[in-house]
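Q: Enclosed is the structure file data_29.txt (compact mmCIF, C-alpha atoms).
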```txt
# COMPACT_ATOMS: atom_id res chain seq x y z
CA MET A 242 21.61 -71.69 57.08
CA LYS A 243 20.77 -68.33 58.69
CA LEU A 244 23.88 -68.72 60.89
CA VAL A 245 26.29 -68.90 57.94
CA PRO A 246 26.68 -65.17 56.97
CA GLY A 247 27.32 -63.98 60.55
CA THR A 248 29.68 -66.89 61.31
CA LEU A 249 31.63 -66.03 58.15
CA LEU A 250 31.76 -62.40 59.33
CA LEU A 251 33.23 -63.57 62.67
CA ALA A 252 35.83 -65.59 60.77
CA VAL A 253 36.72 -62.70 58.43
CA VAL A 254 37.04 -60.12 61.25
CA GLY A 255 39.02 -62.55 63.43
CA PHE A 256 41.31 -63.57 60.59
CA ALA A 257 41.87 -59.91 59.65
CA GLY A 258 43.09 -59.39 63.23
CA LYS A 259 45.50 -62.31 62.95
CA VAL A 260 46.82 -61.17 59.55
CA THR A 261 47.28 -57.60 60.86
CA GLU A 262 49.41 -58.79 63.78
CA GLN A 263 51.53 -61.01 61.52
CA SER A 264 51.93 -58.25 58.88
CA ILE A 265 53.08 -55.67 61.45
CA THR A 266 55.58 -58.13 62.94
CA ALA A 267 56.88 -59.06 59.46
CA TYR A 268 57.17 -55.36 58.47
CA GLY A 269 59.10 -54.53 61.65
CA ARG A 270 61.46 -57.47 61.08
CA ALA A 271 62.04 -56.61 57.40
CA HIS A 272 62.78 -52.95 58.19
CA HIS A 273 64.67 -53.60 61.45
CA LEU A 274 62.09 -51.63 63.42
CA THR A 275 60.96 -52.27 66.98
CA LEU A 276 57.19 -51.96 66.70
CA PRO A 277 54.83 -52.51 69.66
CA ASN A 278 53.51 -56.07 69.58
CA ILE A 279 49.74 -55.67 69.46
CA GLU A 280 48.13 -59.10 69.74
CA TYR A 281 45.62 -60.39 67.18
CA VAL A 282 43.11 -60.48 70.05
CA LEU A 283 43.03 -56.69 70.27
CA TRP A 284 42.95 -56.23 66.49
CA ALA A 285 39.99 -58.63 66.17
CA ILE A 286 38.09 -56.80 68.93
CA VAL A 287 38.88 -53.33 67.52
CA PHE A 288 37.91 -54.32 63.96
CA GLY A 289 34.65 -55.77 65.31
CA LEU A 290 33.96 -52.60 67.33
CA VAL A 291 34.60 -50.40 64.28
CA VAL A 292 32.27 -52.44 62.05
CA ALA A 293 29.48 -52.61 64.66
CA ASN A 294 29.63 -48.92 65.56
CA THR A 295 30.04 -47.41 62.08
CA VAL A 296 28.26 -49.37 59.35
CA GLY A 297 26.41 -51.52 61.91
CA ILE A 298 25.54 -55.21 61.62
CA PRO A 299 22.95 -55.87 58.88
CA ALA A 300 20.11 -58.18 59.94
CA ILE A 301 21.37 -61.06 57.78
CA PHE A 302 24.55 -61.32 59.90
CA ARG A 303 23.03 -61.00 63.38
CA ALA A 304 22.09 -64.63 64.08
CA GLY A 305 25.54 -65.85 63.03
CA VAL A 306 27.36 -63.20 65.09
CA GLU A 307 25.51 -64.50 68.17
CA THR A 308 27.31 -67.85 67.70
CA TYR A 309 30.40 -66.24 69.29
CA GLU A 310 29.22 -67.77 72.57
CA PHE A 311 29.14 -71.25 71.03
CA TRP A 312 32.74 -70.79 69.78
CA LEU A 313 33.77 -69.57 73.23
CA LYS A 314 32.37 -72.66 74.95
CA ALA A 315 33.70 -75.10 72.34
CA GLY A 316 37.10 -73.34 72.63
CA ILE A 317 37.09 -73.77 76.42
CA VAL A 318 36.25 -77.50 76.13
CA LEU A 319 39.12 -78.00 73.64
CA LEU A 320 41.48 -75.94 75.82
CA GLY A 321 41.16 -78.74 78.41
CA VAL A 322 43.81 -80.61 76.39
CA ARG A 323 46.44 -78.14 77.64
CA PHE A 324 45.77 -78.88 81.32
CA LEU A 325 46.72 -81.80 83.49
CA ILE A 326 44.03 -82.79 86.00
CA GLY A 327 46.48 -82.01 88.84
CA ASP A 328 46.76 -78.38 87.63
CA ILE A 329 42.98 -78.09 87.47
CA VAL A 330 42.58 -79.42 91.01
CA LEU A 331 45.29 -77.11 92.42
CA LEU A 332 44.47 -73.94 90.48
CA GLY A 333 40.74 -74.67 90.54
CA SER A 334 40.83 -74.97 94.35
CA VAL A 335 42.88 -71.78 94.74
CA SER A 336 40.44 -70.03 92.38
CA LEU A 337 37.40 -71.39 94.23
CA ALA A 338 38.81 -70.23 97.59
CA CYS A 339 39.36 -66.76 96.10
CA VAL A 340 35.89 -66.88 94.47
CA ALA A 341 34.27 -67.54 97.86
CA ILE A 342 35.88 -64.40 99.34
CA GLU A 343 35.23 -62.34 96.19
CA LEU A 344 31.62 -63.47 96.12
CA ALA A 345 30.89 -62.33 99.67
CA ALA A 346 32.73 -59.03 99.18
CA ALA A 347 31.04 -58.30 95.83
CA ILE A 348 27.55 -58.93 97.20
CA VAL A 349 28.11 -56.78 100.31
CA LEU A 350 29.72 -53.99 98.29
CA MET A 351 27.23 -53.90 95.42
CA THR A 352 24.28 -54.00 97.85
CA ALA A 353 25.68 -51.06 99.85
CA LEU A 354 26.49 -49.04 96.71
CA GLY A 355 23.15 -49.84 95.06
CA ARG A 356 21.26 -48.67 98.16
CA ALA A 357 23.37 -45.49 98.36
CA PHE A 358 22.51 -44.68 94.73
CA LYS A 359 18.84 -45.65 95.26
CA LEU A 360 18.77 -48.40 92.62
CA SER A 361 15.82 -50.81 92.66
CA PRO A 362 16.35 -53.87 94.94
CA LYS A 363 16.17 -56.32 92.02
CA LEU A 364 18.66 -54.30 89.97
CA ILE A 365 20.97 -54.44 93.01
CA SER A 366 20.53 -58.25 93.11
CA LEU A 367 21.32 -58.53 89.38
CA LEU A 368 24.39 -56.30 89.64
CA SER A 369 25.61 -58.30 92.65
CA ILE A 370 25.12 -61.62 90.83
CA GLY A 371 26.72 -60.28 87.63
CA SER A 372 29.77 -58.88 89.39
CA SER A 373 30.28 -61.76 91.81
CA VAL A 374 29.79 -64.74 89.49
CA CYS A 375 29.87 -64.48 85.77
CA GLY A 376 28.45 -61.54 84.01
CA VAL A 377 25.76 -61.80 81.40
CA SER A 378 24.90 -65.51 81.70
CA ALA A 379 24.45 -65.18 85.47
CA ILE A 380 22.21 -62.14 84.98
CA ILE A 381 20.10 -64.00 82.39
CA ALA A 382 19.87 -67.05 84.69
CA ALA A 383 18.91 -64.87 87.66
CA LYS A 384 16.41 -62.71 85.76
CA GLY A 385 13.92 -65.57 85.44
CA ALA A 386 14.65 -66.98 88.89
CA ILE A 387 14.03 -63.73 90.80
CA ASP A 388 11.36 -62.42 88.39
CA ALA A 389 13.26 -59.20 87.59
CA ASP A 390 12.18 -56.60 84.99
CA ASP A 391 13.64 -56.63 81.48
CA GLU A 392 14.80 -53.06 82.03
CA ASP A 393 16.74 -53.94 85.21
CA ALA A 394 18.37 -56.89 83.42
CA SER A 395 19.38 -54.63 80.49
CA TYR A 396 20.86 -52.07 82.92
CA ALA A 397 22.87 -54.73 84.76
CA MET A 398 24.10 -56.34 81.51
CA ALA A 399 25.04 -52.95 80.03
CA ALA A 400 27.06 -52.07 83.15
CA ILE A 401 28.86 -55.45 83.12
CA LEU A 402 29.57 -55.29 79.35
CA ALA A 403 30.81 -51.68 79.48
CA LEU A 404 33.20 -52.54 82.30
CA GLY A 405 34.29 -55.71 80.50
CA ALA A 406 35.22 -53.61 77.44
CA VAL A 407 37.27 -51.22 79.61
CA SER A 408 39.01 -54.11 81.39
CA LEU A 409 40.40 -55.36 78.05
CA PHE A 410 42.56 -52.25 77.84
CA VAL A 411 43.27 -51.57 81.53
CA PHE A 412 44.03 -55.02 83.00
CA PRO A 413 47.04 -55.87 80.76
CA LEU A 414 48.55 -52.44 81.55
CA ILE A 415 48.22 -53.01 85.32
CA GLY A 416 49.56 -56.57 85.00
CA ARG A 417 52.65 -55.34 83.11
CA ALA A 418 53.18 -52.42 85.52
CA LEU A 419 53.19 -54.86 88.46
CA GLY A 420 55.33 -57.41 86.59
CA MET A 421 52.79 -60.18 87.26
CA SER A 422 53.55 -63.74 86.15
CA ASP A 423 51.28 -65.38 83.55
CA HIS A 424 49.80 -67.60 86.28
CA ALA A 425 49.02 -64.76 88.66
CA TYR A 426 47.71 -62.41 85.98
CA GLY A 427 45.48 -65.12 84.48
CA LEU A 428 44.05 -65.94 87.91
CA TRP A 429 43.37 -62.25 88.60
CA VAL A 430 41.60 -61.73 85.25
CA GLY A 431 39.53 -64.88 85.76
CA LEU A 432 38.41 -63.60 89.16
CA ALA A 433 37.89 -59.92 88.37
CA VAL A 434 36.57 -59.73 84.79
CA ASP A 435 32.91 -60.70 84.84
CA ASN A 436 32.02 -61.88 81.37
CA THR A 437 33.69 -65.09 80.17
CA ALA A 438 34.43 -63.82 76.64
CA GLU A 439 36.08 -60.63 77.95
CA ALA A 440 38.00 -62.58 80.63
CA THR A 441 39.34 -64.94 77.94
CA ALA A 442 40.32 -61.99 75.73
CA ALA A 443 41.90 -59.96 78.58
CA GLY A 444 43.98 -63.03 79.50
CA ALA A 445 45.05 -63.75 75.90
CA LEU A 446 46.05 -60.08 75.47
CA TYR A 447 48.72 -60.59 78.14
CA SER A 448 50.08 -63.89 76.84
CA ASP A 449 48.96 -67.27 75.58
CA ALA A 450 49.70 -68.88 78.97
CA ALA A 451 47.88 -66.11 80.86
CA GLY A 452 44.85 -66.69 78.62
CA LYS A 453 44.91 -70.35 79.55
CA PHE A 454 44.92 -69.61 83.30
CA ALA A 455 42.29 -66.88 82.95
CA VAL A 456 39.95 -69.45 81.36
CA LEU A 457 40.59 -71.94 84.17
CA ALA A 458 39.92 -69.41 86.94
CA LYS A 459 36.84 -68.08 85.13
CA THR A 460 35.54 -71.62 84.62
CA ALA A 461 35.87 -72.31 88.36
CA ARG A 462 33.89 -69.12 88.98
CA ASN A 463 31.25 -70.08 86.40
CA ALA A 464 30.73 -73.38 88.20
CA THR A 465 29.27 -71.50 91.21
CA ILE A 466 26.52 -69.82 89.17
CA GLY A 467 23.75 -72.22 90.26
CA PHE A 468 24.43 -71.78 93.98
CA VAL A 469 24.40 -67.96 93.85
CA VAL A 470 21.28 -67.75 91.68
CA LEU A 471 19.55 -70.31 93.92
CA GLY A 472 20.47 -68.24 97.01
CA TYR A 473 18.97 -65.09 95.49
CA ALA A 474 15.89 -66.97 94.21
CA VAL A 475 15.19 -68.30 97.73
CA TYR A 476 15.71 -64.79 99.17
CA TRP A 477 13.17 -63.24 96.76
CA VAL A 478 10.64 -66.03 97.37
CA LYS A 479 10.89 -65.20 101.08
CA GLN A 480 10.11 -61.57 100.14
CA ASN A 481 7.05 -62.95 98.24
CA GLN A 482 8.48 -61.60 94.97
CA GLY A 483 9.88 -64.58 93.10
CA HIS A 484 9.05 -68.00 91.69
CA ALA A 485 9.15 -70.87 94.22
CA ILE A 486 11.89 -73.41 93.48
CA GLY A 487 10.69 -77.02 93.61
CA ASN A 488 13.60 -79.45 93.31
CA LYS A 489 16.78 -77.59 94.32
CA THR A 490 19.16 -80.28 92.99
CA ALA A 491 17.46 -80.18 89.59
CA PHE A 492 17.68 -76.36 89.67
CA LEU A 493 21.44 -76.50 90.40
CA TRP A 494 22.00 -78.99 87.57
CA GLN A 495 19.92 -76.89 85.17
CA LYS A 496 22.04 -73.79 85.90
CA PHE A 497 25.38 -75.62 85.93
CA PRO A 498 27.54 -74.71 82.89
CA LYS A 499 27.81 -78.10 81.15
CA PHE A 500 30.84 -77.14 79.06
CA VAL A 501 32.86 -77.36 82.31
CA ILE A 502 32.25 -81.14 82.20
CA GLY A 503 33.61 -81.33 78.63
CA PHE A 504 36.67 -79.28 79.67
CA ILE A 505 37.42 -81.67 82.57
CA VAL A 506 36.86 -84.83 80.44
CA ILE A 507 39.29 -83.63 77.71
CA SER A 508 41.83 -82.70 80.36
CA ALA A 509 41.47 -86.16 81.96
CA MET A 510 42.02 -87.77 78.53
CA ALA A 511 45.16 -85.68 77.98
CA THR A 512 46.42 -86.57 81.48
CA ALA A 513 45.82 -90.29 80.80
CA GLY A 514 48.00 -90.08 77.67
CA PHE A 515 45.11 -90.54 75.23
CA PHE A 516 46.64 -88.06 72.75
CA THR A 517 50.01 -87.94 71.00
CA LYS A 518 52.07 -84.74 71.14
CA ASN A 519 50.92 -83.76 67.62
CA GLN A 520 47.28 -84.44 68.45
CA ILE A 521 47.55 -82.22 71.55
CA ALA A 522 48.97 -79.45 69.34
CA ASP A 523 46.10 -79.93 66.85
CA VAL A 524 43.38 -79.77 69.53
CA ALA A 525 45.04 -76.72 71.16
CA ASN A 526 45.25 -74.94 67.79
CA LEU A 527 41.60 -75.69 67.08
CA SER A 528 40.78 -74.11 70.44
CA ARG A 529 42.71 -70.97 69.36
CA TRP A 530 40.67 -70.77 66.13
CA ALA A 531 37.45 -71.04 68.12
CA PHE A 532 38.61 -68.21 70.41
CA LEU A 533 39.51 -66.11 67.37
CA LEU A 534 35.84 -66.12 66.34
CA THR A 535 34.87 -65.30 69.94
CA PHE A 536 37.14 -62.23 70.06
CA ALA A 537 35.66 -60.94 66.78
CA GLY A 538 32.20 -61.46 68.35
CA VAL A 539 33.17 -59.45 71.47
CA GLY A 540 33.82 -56.43 69.24
CA LEU A 541 30.89 -56.99 66.88
CA ARG A 542 28.24 -57.24 69.59
CA THR A 543 29.45 -54.17 71.56
CA ASN A 544 27.21 -51.26 70.66
CA VAL A 545 28.72 -48.18 72.31
CA ARG A 546 25.61 -46.04 71.66
CA GLU A 547 23.32 -48.60 73.35
CA LEU A 548 25.64 -48.79 76.36
CA MET A 549 25.62 -44.97 76.73
CA LYS A 550 21.79 -44.93 76.58
CA GLN A 551 21.44 -47.00 79.76
CA GLY A 552 21.96 -44.06 82.11
CA TRP A 553 24.74 -43.13 84.47
CA ARG A 554 23.62 -44.46 87.88
CA PRO A 555 23.97 -48.23 87.31
CA LEU A 556 27.23 -47.49 85.52
CA VAL A 557 28.61 -45.50 88.48
CA VAL A 558 27.63 -48.30 90.88
CA GLY A 559 29.23 -50.79 88.48
CA VAL A 560 32.45 -48.78 88.05
CA VAL A 561 32.96 -48.10 91.77
CA GLY A 562 32.03 -51.67 92.74
CA GLU A 563 34.14 -53.30 90.02
CA CYS A 564 37.20 -51.14 90.81
CA ALA A 565 36.94 -52.18 94.47
CA ILE A 566 36.49 -55.86 93.48
CA ALA A 567 39.44 -55.65 91.04
CA GLY A 568 41.58 -54.18 93.87
CA LEU A 569 40.48 -56.86 96.33
CA THR A 570 41.03 -59.76 93.91
CA LEU A 571 44.43 -58.31 92.94
CA ALA A 572 45.47 -58.32 96.61
CA MET A 573 44.18 -61.92 97.01
CA VAL A 574 46.03 -63.09 93.90
CA LEU A 575 49.29 -61.43 94.95
CA ILE A 576 49.05 -63.21 98.31
CA ALA A 577 48.09 -66.55 96.63
CA ALA A 578 50.92 -66.11 94.08
CA ARG A 579 53.43 -65.81 96.92
CA LYS A 580 51.95 -68.72 98.90
CA PHE A 581 51.55 -71.15 95.98
CA SER A 582 54.46 -69.83 93.86
CA LEU A 583 52.15 -69.00 90.93
CA MET B 106 7.76 -88.89 70.16
CA ARG B 107 9.22 -86.37 72.61
CA SER B 108 11.86 -84.11 71.06
CA VAL B 109 14.91 -83.21 73.14
CA ARG B 110 16.23 -79.66 72.86
CA LEU B 111 19.94 -79.40 73.58
CA SER B 112 21.33 -76.32 75.30
CA LEU B 113 24.16 -74.28 73.75
CA ASP B 114 26.54 -75.76 76.35
CA TRP B 115 25.81 -79.31 75.19
CA TRP B 116 26.13 -78.34 71.52
CA ALA B 117 29.58 -76.89 72.31
CA VAL B 118 30.57 -80.11 74.12
CA LEU B 119 29.30 -82.29 71.24
CA ALA B 120 31.09 -80.19 68.60
CA ALA B 121 34.34 -80.32 70.59
CA ALA B 122 33.96 -84.11 71.07
CA ALA B 123 33.42 -84.58 67.32
CA ALA B 124 36.51 -82.49 66.56
CA VAL B 125 38.58 -84.50 69.06
CA LEU B 126 37.40 -87.79 67.50
CA LEU B 127 38.35 -86.57 64.01
CA ILE B 128 41.82 -85.58 65.24
CA LYS B 129 42.27 -88.79 67.25
CA SER B 130 41.24 -90.97 64.28
CA GLY B 131 43.77 -89.19 62.07
CA LEU B 132 41.10 -87.94 59.64
CA VAL B 133 42.11 -84.37 60.51
CA SER B 134 45.70 -83.53 61.30
CA ARG B 135 48.26 -80.73 61.27
CA ILE B 136 45.94 -77.91 62.20
CA ALA B 137 48.13 -74.85 61.80
CA TRP B 138 47.93 -71.65 63.80
```
Spell out the structure here as structure tokens.

A:
Amino acid sequence: MKLVPGTLLLAVVGFAGKVTEQSITAYGRAHHLTLPNIEYVLWAIVFGLVVANTVGIPAIFRAGVETYEFWLKAGIVLLGVRFLIGDIVLLGSVSLACVAIELAAAIVLMTALGRAFKLSPKLISLLSIGSSVCGVSAIIAAKGAIDADDEDASYAMAAILALGAVSLFVFPLIGRALGMSDHAYGLWVGLAVDNTAEATAAGALYSDAAGKFAVLAKTARNATIGFVVLGYAVYWVKQNQGHAIGNKTAFLWQKFPKFVIGFIVISAMATAGFFTKNQIADVANLSRWAFLLTFAGVGLRTNVRELMKQGWRPLVVGVVGECAIAGLTLAMVLIAARKFSL
Amino acid sequence: MRSVRLSLDWWAVLAAAAAVLLIKSGLVSRIAW
């Protein structure tokens, strides 16, 4: 029951974003005006940001607002209906190949930058994991595994979240300036934006199709979380500063994002012709509604004052590192787009 | 009896599976966007 008020708040803020987009479009059409098409995604995030950073979120709503992550994962599983298994194998493999390069580059870069700015070694590990794999969930998974301080984890999460918020506004502008296709842009966002919710939103801000490909690329990246966290955990055990890992296979399974399995199963069912055309449309629309609540949650849980409080050094390391990673992944995607006609 | 605690990931998968079953069975249809 305690989830109901906050979940309703997510629905109200998200729906307000959708109604605003539709109203502006209808007004422009009725008055023969060419108004900029601002997607419901951005409205939902902005409304959420305004609420969270002005009146704040009363305690009664907080538990429900946190369900945004549940809606994100359920939305991704349902989105599987819009993919054929062949697409997943092709795009997933291209994404994984790019992830492998991005992962190595991000770890080397973040380690060098962190040392230059004299950050603590565990904060450097957390920033490297967060920027190479998948943002906040990877940092939370790694925090326990490498026995990092709460403060270091907060720093790393704040840096990743602040950059995720900026990417929502900057990435679509760069994509448009370069005239990127939906495929290529979605792949880039999935590789460069660290947090899954922000990657989904940054993709959907470009176009519906770009959102779809951003989710696929990000999901491929999420699937590597266990391996990276395990690597760091083993490293810190060797430094005598972490918890020993007993069964490595069990550890990998424990860290594996299970919603990826649901996504693949629904896609396999769609590929096998399990659904009619109308049923596919229904499942896809349900996925959009789930994402609508997620986008409202992205705005509602972003506390600008808290992010500013975290200090400038981790943020500088994050900004410089992320800009370099965004540049590198952009180059990779442009090459992949040419090679695989994305 | 041992209680099993499901992770958020599994809850999301179960909720999506339930929604798919409702749509497939025809109990829920014409979801507008």

Q: Counting all atoms listed in the file, what is within 12 Å of Ala120 (chain B), bar same-chain residues fewer than 3 positions away, as a list in words?

A: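 Here the qualifying residues turn out to be Phe311, Trp312, Leu313, Lys314, Ala315, Gly316, Ile317, Val318, Leu319, Phe500, Gly503, Leu527, Ser528 and Ala531 of chain A; Leu113, Asp114, Trp115, Trp116, Ala117, Ala123, Ala124, Val125, Leu126 and Leu127 of chain B.
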
Q: Just write the chosen residues, C-alpha atoms, as a PDB file, in the frame of the given file.

A:
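Wrote it out as part_1.pdb, contents follow:
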```
ATOM      1  CA  PHE A 311      29.140 -71.250  71.030  1.00  0.00           C
ATOM      2  CA  TRP A 312      32.740 -70.790  69.780  1.00  0.00           C
ATOM      3  CA  LEU A 313      33.770 -69.570  73.230  1.00  0.00           C
ATOM      4  CA  LYS A 314      32.370 -72.660  74.950  1.00  0.00           C
ATOM      5  CA  ALA A 315      33.700 -75.100  72.340  1.00  0.00           C
ATOM      6  CA  GLY A 316      37.100 -73.340  72.630  1.00  0.00           C
ATOM      7  CA  ILE A 317      37.090 -73.770  76.420  1.00  0.00           C
ATOM      8  CA  VAL A 318      36.250 -77.500  76.130  1.00  0.00           C
ATOM      9  CA  LEU A 319      39.120 -78.000  73.640  1.00  0.00           C
ATOM     10  CA  PHE A 500      30.840 -77.140  79.060  1.00  0.00           C
ATOM     11  CA  GLY A 503      33.610 -81.330  78.630  1.00  0.00           C
ATOM     12  CA  LEU A 527      41.600 -75.690  67.080  1.00  0.00           C
ATOM     13  CA  SER A 528      40.780 -74.110  70.440  1.00  0.00           C
ATOM     14  CA  ALA A 531      37.450 -71.040  68.120  1.00  0.00           C
TER      15      ALA A 531
ATOM     16  CA  LEU B 113      24.160 -74.280  73.750  1.00  0.00           C
ATOM     17  CA  ASP B 114      26.540 -75.760  76.350  1.00  0.00           C
ATOM     18  CA  TRP B 115      25.810 -79.310  75.190  1.00  0.00           C
ATOM     19  CA  TRP B 116      26.130 -78.340  71.520  1.00  0.00           C
ATOM     20  CA  ALA B 117      29.580 -76.890  72.310  1.00  0.00           C
ATOM     21  CA  ALA B 123      33.420 -84.580  67.320  1.00  0.00           C
ATOM     22  CA  ALA B 124      36.510 -82.490  66.560  1.00  0.00           C
ATOM     23  CA  VAL B 125      38.580 -84.500  69.060  1.00  0.00           C
ATOM     24  CA  LEU B 126      37.400 -87.790  67.500  1.00  0.00           C
ATOM     25  CA  LEU B 127      38.350 -86.570  64.010  1.00  0.00           C
TER      26      LEU B 127
END
```

Q: Box for region 351-364 of chain A: with edges along x, y and z, all listed atoms inside and 5 Å added on each side, what are the centre and edge lengths in Å to one decimal, as AutoDock Vina command-line options?

A:
```
--center_x 21.5 --center_y -50.5 --center_z 94.9 --size_x 21.4 --size_y 21.6 --size_z 19.9
```

Q: Near Ala433 (chain A), counting only C-alpha atoms, which residues have an atom at most 7 Å away, once you skip same-chain residues fewer than 2 positions from it, shown as a short mmCIF file (atom, residue, chain, number, x, y, z; two decimals) with C-alpha atoms, in the frame of the given file?

A:
```
data_model
loop_
_atom_site.label_atom_id
_atom_site.label_comp_id
_atom_site.auth_asym_id
_atom_site.auth_seq_id
_atom_site.Cartn_x
_atom_site.Cartn_y
_atom_site.Cartn_z
CA TRP A 429 43.37 -62.25 88.60
CA VAL A 430 41.60 -61.73 85.25
CA GLY A 431 39.53 -64.88 85.76
CA ASP A 435 32.91 -60.70 84.84
CA ILE A 566 36.49 -55.86 93.48
CA ALA A 567 39.44 -55.65 91.04
CA THR A 570 41.03 -59.76 93.91
#
```

Q: Mind giving me the straight-line distance from CA of Ser508 (chain A) to CA of Leu457 (chain A) in Å, one decimal?

A: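 These two atoms are separated by 11.5 Å.
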
Q: What separation in Å, quoted to one decimal, exists between CA of Ser336 (chain A) and CA of Ala458 (chain A)?

A: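 Calculated distance between CA of Ser336 (chain A) and CA of Ala458 (chain A) is 5.5 Å.
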
Q: Go ahead and compute the interatomic distance for CA of Leu571 (chain A) and CA of Ile370 (chain A), in Å to one decimal.

A: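 Separating CA of Leu571 (chain A) from CA of Ile370 (chain A) is a distance of 19.7 Å.
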
Q: Give me the residues near Glu262 (chain A) as a PyMOL selection string, where near means some atom within 7 Å (using all atoms listed in the file) and where sequence neighbours in that chain fewer than 5 positions away do not count.

A: chain A and resi 279-281

Q: Give the answer as one residue: which of A:Val335, A:Met421, A:Ile326, A:Leu402 has the shortest atom-to-atom distance to Val377 (chain A), using only C-alpha atoms?

A: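 Once distances to Val377 (chain A) are computed over only C-alpha atoms, the minimum belongs to A:Leu402.
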
Q: List as a short mmCIF file (atom, residue, chain, number, x, y, z; two decimals) with C-alpha atoms, in the coordinates of the input the protein and nucleic acid residues near region 320-322 of chain A, meaning an atom at most 12 Å away when only C-alpha atoms are counted, but skip any in the same chain fewer than 6 places from it.

A:
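Wrote it out as result-v3.cif, contents follow:
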```
data_model
loop_
_atom_site.label_atom_id
_atom_site.label_comp_id
_atom_site.auth_asym_id
_atom_site.auth_seq_id
_atom_site.Cartn_x
_atom_site.Cartn_y
_atom_site.Cartn_z
CA TRP A 312 32.74 -70.79 69.78
CA LEU A 313 33.77 -69.57 73.23
CA LYS A 314 32.37 -72.66 74.95
CA ASP A 328 46.76 -78.38 87.63
CA ILE A 329 42.98 -78.09 87.47
CA THR A 441 39.34 -64.94 77.94
CA ASP A 449 48.96 -67.27 75.58
CA ALA A 450 49.70 -68.88 78.97
CA GLY A 452 44.85 -66.69 78.62
CA LYS A 453 44.91 -70.35 79.55
CA PHE A 454 44.92 -69.61 83.30
CA ALA A 455 42.29 -66.88 82.95
CA VAL A 456 39.95 -69.45 81.36
CA LEU A 457 40.59 -71.94 84.17
CA THR A 460 35.54 -71.62 84.62
CA PHE A 500 30.84 -77.14 79.06
CA VAL A 501 32.86 -77.36 82.31
CA ILE A 502 32.25 -81.14 82.20
CA GLY A 503 33.61 -81.33 78.63
CA PHE A 504 36.67 -79.28 79.67
CA ILE A 505 37.42 -81.67 82.57
CA VAL A 506 36.86 -84.83 80.44
CA ILE A 507 39.29 -83.63 77.71
CA SER A 508 41.83 -82.70 80.36
CA ALA A 509 41.47 -86.16 81.96
CA MET A 510 42.02 -87.77 78.53
CA ALA A 511 45.16 -85.68 77.98
CA THR A 512 46.42 -86.57 81.48
CA ALA A 513 45.82 -90.29 80.80
CA GLY A 514 48.00 -90.08 77.67
CA PHE A 515 45.11 -90.54 75.23
CA PHE A 516 46.64 -88.06 72.75
CA THR A 517 50.01 -87.94 71.00
CA LYS A 518 52.07 -84.74 71.14
CA ASN A 519 50.92 -83.76 67.62
CA GLN A 520 47.28 -84.44 68.45
CA ILE A 521 47.55 -82.22 71.55
CA ALA A 522 48.97 -79.45 69.34
CA ASP A 523 46.10 -79.93 66.85
CA VAL A 524 43.38 -79.77 69.53
CA ALA A 525 45.04 -76.72 71.16
CA ASN A 526 45.25 -74.94 67.79
CA LEU A 527 41.60 -75.69 67.08
CA SER A 528 40.78 -74.11 70.44
CA ARG A 529 42.71 -70.97 69.36
CA TRP A 530 40.67 -70.77 66.13
CA ALA A 531 37.45 -71.04 68.12
CA PHE A 532 38.61 -68.21 70.41
CA VAL B 118 30.57 -80.11 74.12
CA ALA B 121 34.34 -80.32 70.59
CA ALA B 122 33.96 -84.11 71.07
CA VAL B 125 38.58 -84.50 69.06
#
```
